[in-house]
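Below is one structure; the comments refer to it alone.
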Number of protein chains: 2
Amino acid sequence: MKSIIALTLMAGSLVALAQTNPPASTYQLGSDAKSASSNVPGQQYPQIDSERHAEFRLRAPSAQRVQLDIGGHKYDMTKNEQGMWSVVTPPLVVGFHYYAIIVDGVSVADPASETFFGVSKMMSGVEVPSPGEDFYDAKNVPHGEVREHWYYSQTNSAWRRCFVYTPPDYASNPTARYPVVYLQHGAGEDERGWSTQGRVNFILDNLIAEGKAKPMIVVMDNGGGSALFAPGVRAGRGPGTAGVMGAPAGTNAPTETNTPAVAGAGTNQPAFSRFGLMSAATSRFSNTLLHEIIPMIDSTYRTIPDREHRAMAALSMGAFQTFQIVLNHPDTFSAMGAFSGGAGGITNLNTAYNGFFADADAFNKKINVMFFSMGTAENLTATRNLDKLLADAHINHVYYESPGTAHEWQSWRRSFYQFAPLLFRNP
Amino acid sequence: MKSIIALTLMAGSLVALAQTNPPASTYQLGSDAKSASSNVPGQQYPQIDSERHAEFRLRAPSAQRVQLDIGGHKYDMTKNEQGMWSVVTPPLVVGFHYYAIIVDGVSVADPASETFFGVSKMMSGVEVPSPGEDFYDAKNVPHGEVREHWYYSQTNSAWRRCFVYTPPDYASNPTARYPVVYLQHGAGEDERGWSTQGRVNFILDNLIAEGKAKPMIVVMDNGGGSALFAPGVRAGRGPGTAGVMGAPAGTNAPTETNTPAVAGAGTNQPAFSRFGLMSAATSRFSNTLLHEIIPMIDSTYRTIPDREHRAMAALSMGAFQTFQIVLNHPDTFSAMGAFSGGAGGITNLNTAYNGFFADADAFNKKINVMFFSMGTAENLTATRNLDKLLADAHINHVYYESPGTAHEWQSWRRSFYQFAPLLFRNP
């Protein structure tokens, strides 16, 4: 067993958002505050100070009530004489947070922010700096490319898009061939997530430059579930009201599934079960991945097209998919990474996945990397149980907990940073 | 002289938006309406019918007033008993339109729409189908890639991003070399515009597949001016109040410059002149393009690194930049395309650009393609004057007018579609 728990202790304590909303006047923005890197050009706010207080502003002279919706909390904003609403938050957790502004009851993106596809719509996002933690920053190292690649899927009868990271030396070594990671998003997100919110290209550029990870290709496709939080399939909760994905993490099913869904008011759509939608998406994506995406990638890019050089990893709903796809298709994949999800699916090693775990030696010979992870602000029950279960059975695996982070991208960036160096170490 | 005026007569008349706002109840959405392709997954509205009426919806039970802001008009939306606001528009012009929803005075993106960087923020966009006009659609032809490429700029002391289109055969012909078009955005936009709003990758895929355009590389970088419409530099007009870019087009200066700017209320920024900002951006970008971007591209991609195989084209503010950069650097570029902008800068052929036009034969030998264009819903005075001026002087050029379209992306998609086949016809 190789457990990595609380690997990195951060400089400065990681203070989670307060559970109750203190009066906004309690907080003041420090004089060292800087504009968030996630703002659009020309926008001064949001700003974040060195204690990770953040001030958000919105000009809305005629609005009656304006709130900030971030990290599962709604903060009332206050209006000044010029009609500018503002609020200073308690210290925010480091990393990337989706957020919204609620204007007279309507949840909208902040016009000052870049937008990111999450919670089934284009959300605002704020990047909170993490002192001393720069593994996902653009640095003075050789950079790979992220390629937007379109292809027609016969089984989906649709044009599809994937993003493909090629490592820095891909063009300069025109005969080299590379291993591949299929890296997937969560529910309510899509194929854009890992290269925008996740910054996976910078993470790999940096790891490769340091010699910590092998040069590899990363394929990011659409695993379904993008509409899971759209009005017709909403479960009656606001997008930001329970972490990011709207559900407690680490439960026995993929994290978004444990709430019965009801039809959104004002739509013509019938009620769907989120779990039903996710299972259908997984089945469909498994088929597309195995029979269309992998052959297309292997014929388009200079891959090493065998199981030893093919891995899958993903977050949340995608983590559930990763368990399902890799452990049911070990002749296609030799490594897996499941970030913040899916671990609850294994409760009995003798029966899970057709008894694949029953013979530890056989499993250990077949699966080179079995990695799973969780943020410590998530529910850790399922992953810790699985960690113990596998350890007791002498199944090789790596369990990682991201200190202080929730069901958010900072957990998944760190997870990938831990995961990638483990890959493709066998020749 | 090769003038192409109103080249394509569209099936069905192109009805511009009504100049006054009739009562919303005047219009009803046709039963053949379909969800816009620009919606996020799971969202039914906006919907557009075959007569190009569009219905927009927003759920906002507590809001006092909700308006749709599109194409220079604000339409009051009406609320039903469930708190759903809606409006059906007059027939919209075909193509892509930025739009916003105004909730109790605050202009925000529609949560149902994808977002697109324009007017210095992430705007909603709606794609109105154009019957019989499919040159920008994804078709069953070989597809090139759009590559996100990061590089460090010494002169800007910053990491910069460009997008690079490589043609469909780039990987399969590993020794082939290609000509390059540097293709730029307008003010308030950035390097993402051409591959999202502009669909330039599909336009070229289709042209190349039909043998109408030579395989070429397209480089889309950031030409500055992205913050031009941010609060600190606003000229007191709403983002959608006069076409898209907020200013009449085809005037004697680049289209965004003819309004004195005032400081936005509630910000600490001084007042800027838009023309001053644009001129500074152009000077800075010219330097970056000539001394950093072109050498970087020529050393990274398989280009043909000479003037005969290098062109520049752009829209609006970028069109102004294109005139400035190409005509001042004919040893670097042999072709130019200026879409909806910049034409007013040439009034005297004997003195313009250091007398470059004074000798028509010499100019015609040096510049292989001089293309400029305008949508017929724009102010055509400057481009028609220039067309006549150049024709009278026997200067080879192509002037194109996009029928029925305004200072919007449909004009620029069509302009590029006309422009690209003219390029790189000399060996």
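By order of appearance in the structure tokens: chains A, B, ..., then residues from 1 within every chain, and ligands from 1 in the order shown.
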
Once you count only C-alpha atoms, what closest atom pair and distance in Å to one decimal does each residue of chain B within 6 Å of chain A have, with rows by chain and rising residue number, as a tab-separated table?
residue	atom	partner	partner_atom	distance
B:Pro41	CA	A:Ala227	CA	5.1
B:Gly42	CA	A:Ala227	CA	4.8
B:Ala60	CA	A:Val106	CA	5.5
B:Ser62	CA	A:Gly105	CA	5.7
B:Ala63	CA	A:Asp104	CA	5.4
B:Asp104	CA	A:Ala63	CA	5.4
B:Gly105	CA	A:Ser62	CA	5.7
B:Val106	CA	A:Ala60	CA	5.5
B:Glu145	CA	A:His149	CA	5.4
B:Val146	CA	A:Glu148	CA	5.1
B:Arg147	CA	A:Arg147	CA	4.2
B:Glu148	CA	A:Val146	CA	5.1
B:His149	CA	A:Glu145	CA	5.4
B:Ala227	CA	A:Gly42	CA	4.8
B:Ala230	CA	A:Gly42	CA	5.5

Preceding selection exported with N, CA, C and O atoms as a PDB file, in the first residue's frame:
ATOM      1  N   PRO B  41     -25.792  22.658 -23.428  1.00  0.00           N
ATOM      2  CA  PRO B  41     -26.566  21.415 -23.435  1.00  0.00           C
ATOM      3  C   PRO B  41     -27.725  21.456 -22.436  1.00  0.00           C
ATOM      4  O   PRO B  41     -27.571  21.941 -21.320  1.00  0.00           O
ATOM      5  N   GLY B  42     -28.859  20.958 -22.872  1.00  0.00           N
ATOM      6  CA  GLY B  42     -30.011  20.856 -21.983  1.00  0.00           C
ATOM      7  C   GLY B  42     -30.921  22.071 -22.003  1.00  0.00           C
ATOM      8  O   GLY B  42     -31.990  22.043 -21.408  1.00  0.00           O
ATOM      9  N   ALA B  60     -37.120  34.322 -13.792  1.00  0.00           N
ATOM     10  CA  ALA B  60     -36.736  35.372 -12.839  1.00  0.00           C
ATOM     11  C   ALA B  60     -37.957  35.874 -12.102  1.00  0.00           C
ATOM     12  O   ALA B  60     -38.423  36.993 -12.316  1.00  0.00           O
ATOM     13  N   SER B  62     -38.551  37.073  -9.242  1.00  0.00           N
ATOM     14  CA  SER B  62     -38.471  38.249  -8.371  1.00  0.00           C
ATOM     15  C   SER B  62     -38.020  39.513  -9.091  1.00  0.00           C
ATOM     16  O   SER B  62     -37.955  40.570  -8.480  1.00  0.00           O
ATOM     17  N   ALA B  63     -37.670  39.411 -10.358  1.00  0.00           N
ATOM     18  CA  ALA B  63     -37.168  40.594 -11.071  1.00  0.00           C
ATOM     19  C   ALA B  63     -38.319  41.526 -11.423  1.00  0.00           C
ATOM     20  O   ALA B  63     -39.454  41.096 -11.645  1.00  0.00           O
ATOM     21  N   ASP B 104     -33.240  43.927 -14.221  1.00  0.00           N
ATOM     22  CA  ASP B 104     -33.334  45.097 -13.347  1.00  0.00           C
ATOM     23  C   ASP B 104     -32.146  46.040 -13.549  1.00  0.00           C
ATOM     24  O   ASP B 104     -31.503  46.491 -12.592  1.00  0.00           O
ATOM     25  N   GLY B 105     -31.858  46.288 -14.795  1.00  0.00           N
ATOM     26  CA  GLY B 105     -30.839  47.271 -15.147  1.00  0.00           C
ATOM     27  C   GLY B 105     -29.432  46.740 -15.316  1.00  0.00           C
ATOM     28  O   GLY B 105     -28.553  47.464 -15.753  1.00  0.00           O
ATOM     29  N   VAL B 106     -29.199  45.476 -14.960  1.00  0.00           N
ATOM     30  CA  VAL B 106     -27.855  44.901 -15.057  1.00  0.00           C
ATOM     31  C   VAL B 106     -27.758  44.034 -16.313  1.00  0.00           C
ATOM     32  O   VAL B 106     -28.517  43.088 -16.482  1.00  0.00           O
ATOM     33  N   GLU B 145      -6.763  21.074 -37.385  1.00  0.00           N
ATOM     34  CA  GLU B 145      -6.816  21.244 -35.937  1.00  0.00           C
ATOM     35  C   GLU B 145      -6.615  22.710 -35.590  1.00  0.00           C
ATOM     36  O   GLU B 145      -5.952  23.454 -36.309  1.00  0.00           O
ATOM     37  N   VAL B 146      -7.155  23.114 -34.436  1.00  0.00           N
ATOM     38  CA  VAL B 146      -6.854  24.431 -33.882  1.00  0.00           C
ATOM     39  C   VAL B 146      -6.042  24.198 -32.615  1.00  0.00           C
ATOM     40  O   VAL B 146      -6.525  23.565 -31.681  1.00  0.00           O
ATOM     41  N   ARG B 147      -4.813  24.668 -32.626  1.00  0.00           N
ATOM     42  CA  ARG B 147      -3.894  24.370 -31.539  1.00  0.00           C
ATOM     43  C   ARG B 147      -3.698  25.585 -30.642  1.00  0.00           C
ATOM     44  O   ARG B 147      -3.398  26.674 -31.114  1.00  0.00           O
ATOM     45  N   GLU B 148      -3.887  25.360 -29.353  1.00  0.00           N
ATOM     46  CA  GLU B 148      -3.611  26.405 -28.373  1.00  0.00           C
ATOM     47  C   GLU B 148      -2.116  26.376 -28.080  1.00  0.00           C
ATOM     48  O   GLU B 148      -1.587  25.383 -27.588  1.00  0.00           O
ATOM     49  N   HIS B 149      -1.446  27.481 -28.408  1.00  0.00           N
ATOM     50  CA  HIS B 149       0.013  27.512 -28.328  1.00  0.00           C
ATOM     51  C   HIS B 149       0.452  28.657 -27.408  1.00  0.00           C
ATOM     52  O   HIS B 149       0.102  29.809 -27.630  1.00  0.00           O
ATOM     53  N   ALA B 227      -9.644  45.155 -23.804  1.00  0.00           N
ATOM     54  CA  ALA B 227     -10.312  45.836 -22.687  1.00  0.00           C
ATOM     55  C   ALA B 227     -10.995  47.121 -23.125  1.00  0.00           C
ATOM     56  O   ALA B 227     -11.472  47.879 -22.296  1.00  0.00           O
ATOM     57  N   ALA B 230     -14.251  47.761 -21.555  1.00  0.00           N
ATOM     58  CA  ALA B 230     -14.378  47.542 -20.112  1.00  0.00           C
ATOM     59  C   ALA B 230     -14.794  48.849 -19.442  1.00  0.00           C
ATOM     60  O   ALA B 230     -14.647  49.934 -20.020  1.00  0.00           O
TER      61      ALA B 230
END

Need the shell around Pro403 in chain A: protein/DNA/RNA residues with any atom at most 7 Å away, counting only C-alpha atoms. Skip same-chain ones fewer than 2 positions apart. Format as an MDAnalysis selection string? chainID A and resid 6 375:376 401 405

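Across the model, the gap from CA of Ile217 in chain B to CA of Glu308 in chain B is 13.9 Å.
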
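The space separating CA of Asp137 in chain B from CA of Thr89 in chain B comes to 24.7 Å.
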
Considering only C-alpha atoms, return as a PyMOL selection string whatever protein or nucleic-acid residues lie within 12 Å of Lys212 in chain B, sequence-local ones (same chain, fewer than 3 positions apart) excluded. chain B and resi 135+203-209+215-216+417-425

Residue selection dump (N, CA and C atoms) as a compact mmCIF listing (two decimals), in the first residue's frame:
# COMPACT_ATOMS: atom_id res chain seq x y z
N PHE B 135 -21.25 27.21 -45.63
CA PHE B 135 -19.80 27.13 -45.81
C PHE B 135 -19.03 27.13 -44.51
N ILE B 203 -14.53 26.78 -42.12
CA ILE B 203 -14.51 27.47 -43.42
C ILE B 203 -13.33 26.95 -44.26
N LEU B 204 -12.17 26.86 -43.66
CA LEU B 204 -11.00 26.41 -44.42
C LEU B 204 -11.05 24.93 -44.71
N ASP B 205 -11.49 24.12 -43.75
CA ASP B 205 -11.65 22.68 -44.03
C ASP B 205 -12.48 22.49 -45.30
N ASN B 206 -13.60 23.22 -45.38
CA ASN B 206 -14.51 23.06 -46.52
C ASN B 206 -13.88 23.58 -47.81
N LEU B 207 -13.25 24.75 -47.75
CA LEU B 207 -12.62 25.30 -48.95
C LEU B 207 -11.49 24.40 -49.46
N ILE B 208 -10.71 23.88 -48.54
CA ILE B 208 -9.59 23.02 -48.93
C ILE B 208 -10.13 21.72 -49.55
N ALA B 209 -11.18 21.17 -48.93
CA ALA B 209 -11.75 19.92 -49.45
C ALA B 209 -12.28 20.10 -50.86
N PRO B 215 -4.11 24.56 -48.97
CA PRO B 215 -3.87 24.28 -47.55
C PRO B 215 -2.97 25.36 -46.96
N MET B 216 -3.37 25.90 -45.83
CA MET B 216 -2.59 26.98 -45.22
C MET B 216 -2.68 26.89 -43.70
N TYR B 417 -14.27 33.80 -46.33
CA TYR B 417 -14.61 32.80 -47.35
C TYR B 417 -14.31 33.33 -48.76
N GLN B 418 -14.51 34.63 -48.97
CA GLN B 418 -14.15 35.24 -50.26
C GLN B 418 -12.65 35.43 -50.40
N PHE B 419 -12.02 35.73 -49.28
CA PHE B 419 -10.60 36.12 -49.27
C PHE B 419 -9.67 34.92 -49.44
N ALA B 420 -9.93 33.86 -48.68
CA ALA B 420 -8.98 32.73 -48.62
C ALA B 420 -8.67 32.12 -49.99
N PRO B 421 -9.66 31.96 -50.90
CA PRO B 421 -9.34 31.35 -52.21
C PRO B 421 -8.40 32.19 -53.06
N LEU B 422 -8.29 33.49 -52.75
CA LEU B 422 -7.42 34.35 -53.55
C LEU B 422 -5.95 34.20 -53.17
N LEU B 423 -5.71 33.59 -52.02
CA LEU B 423 -4.36 33.62 -51.44
C LEU B 423 -3.43 32.58 -52.05
N PHE B 424 -2.15 32.97 -52.11
CA PHE B 424 -1.05 32.04 -52.39
C PHE B 424 -1.21 31.33 -53.75
N ARG B 425 -1.74 32.10 -54.71
CA ARG B 425 -1.90 31.54 -56.05
C ARG B 425 -0.61 31.66 -56.86

Enumerate as a ChimeraX atom specification all residues of range 144-362 of chain B assigned to alpha helix (DSSP H) by DSSP on the backbone, naming them with the chain letters and numbers the document uses. /B:200-209,274-288,294-300,317-328,352-355,360-362

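CA of Asn173 in chain A is found 26.1 Å from CA of Thr332 in chain A.
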
Selection near Leu290 in chain B, 9 Å with only C-alpha atoms, sequence-local residues under 5 positions removed, as a list in words: Phe285, Pro295, Ile325 and Thr332 of chain B

Could you pull out all residues of range 338-421 of chain A with a DSSP call of strand (DSSP E) and give them as a ChimeraX atom specification? /A:338-339,369-375,398-402

Please dump the current selection as a compact mmCIF listing (two decimals), in the first residue's frame; keep C-alpha atoms.
# COMPACT_ATOMS: atom_id res chain seq x y z
CA ALA A 338 -10.22 8.28 -10.04
CA PHE A 339 -10.39 11.73 -8.47
CA VAL A 369 -1.39 2.07 -11.43
CA MET A 370 -4.57 2.15 -9.42
CA PHE A 371 -4.86 5.66 -8.05
CA PHE A 372 -7.76 7.33 -6.33
CA SER A 373 -8.07 10.55 -4.36
CA MET A 374 -10.29 12.94 -2.47
CA GLY A 375 -10.07 16.45 -1.04
CA VAL A 398 -2.16 4.82 -4.31
CA TYR A 399 -4.62 6.84 -2.27
CA TYR A 400 -4.11 10.58 -2.10
CA GLU A 401 -5.92 13.22 -0.05
CA SER A 402 -5.65 16.86 -1.11

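Minimum atom-to-atom distances from B:Arg413, B:Ile395, B:Lys214, B:Gly337 to Lys365 in chain B were compared using only C-alpha atoms, and the lowest value belongs to B:Ile395.
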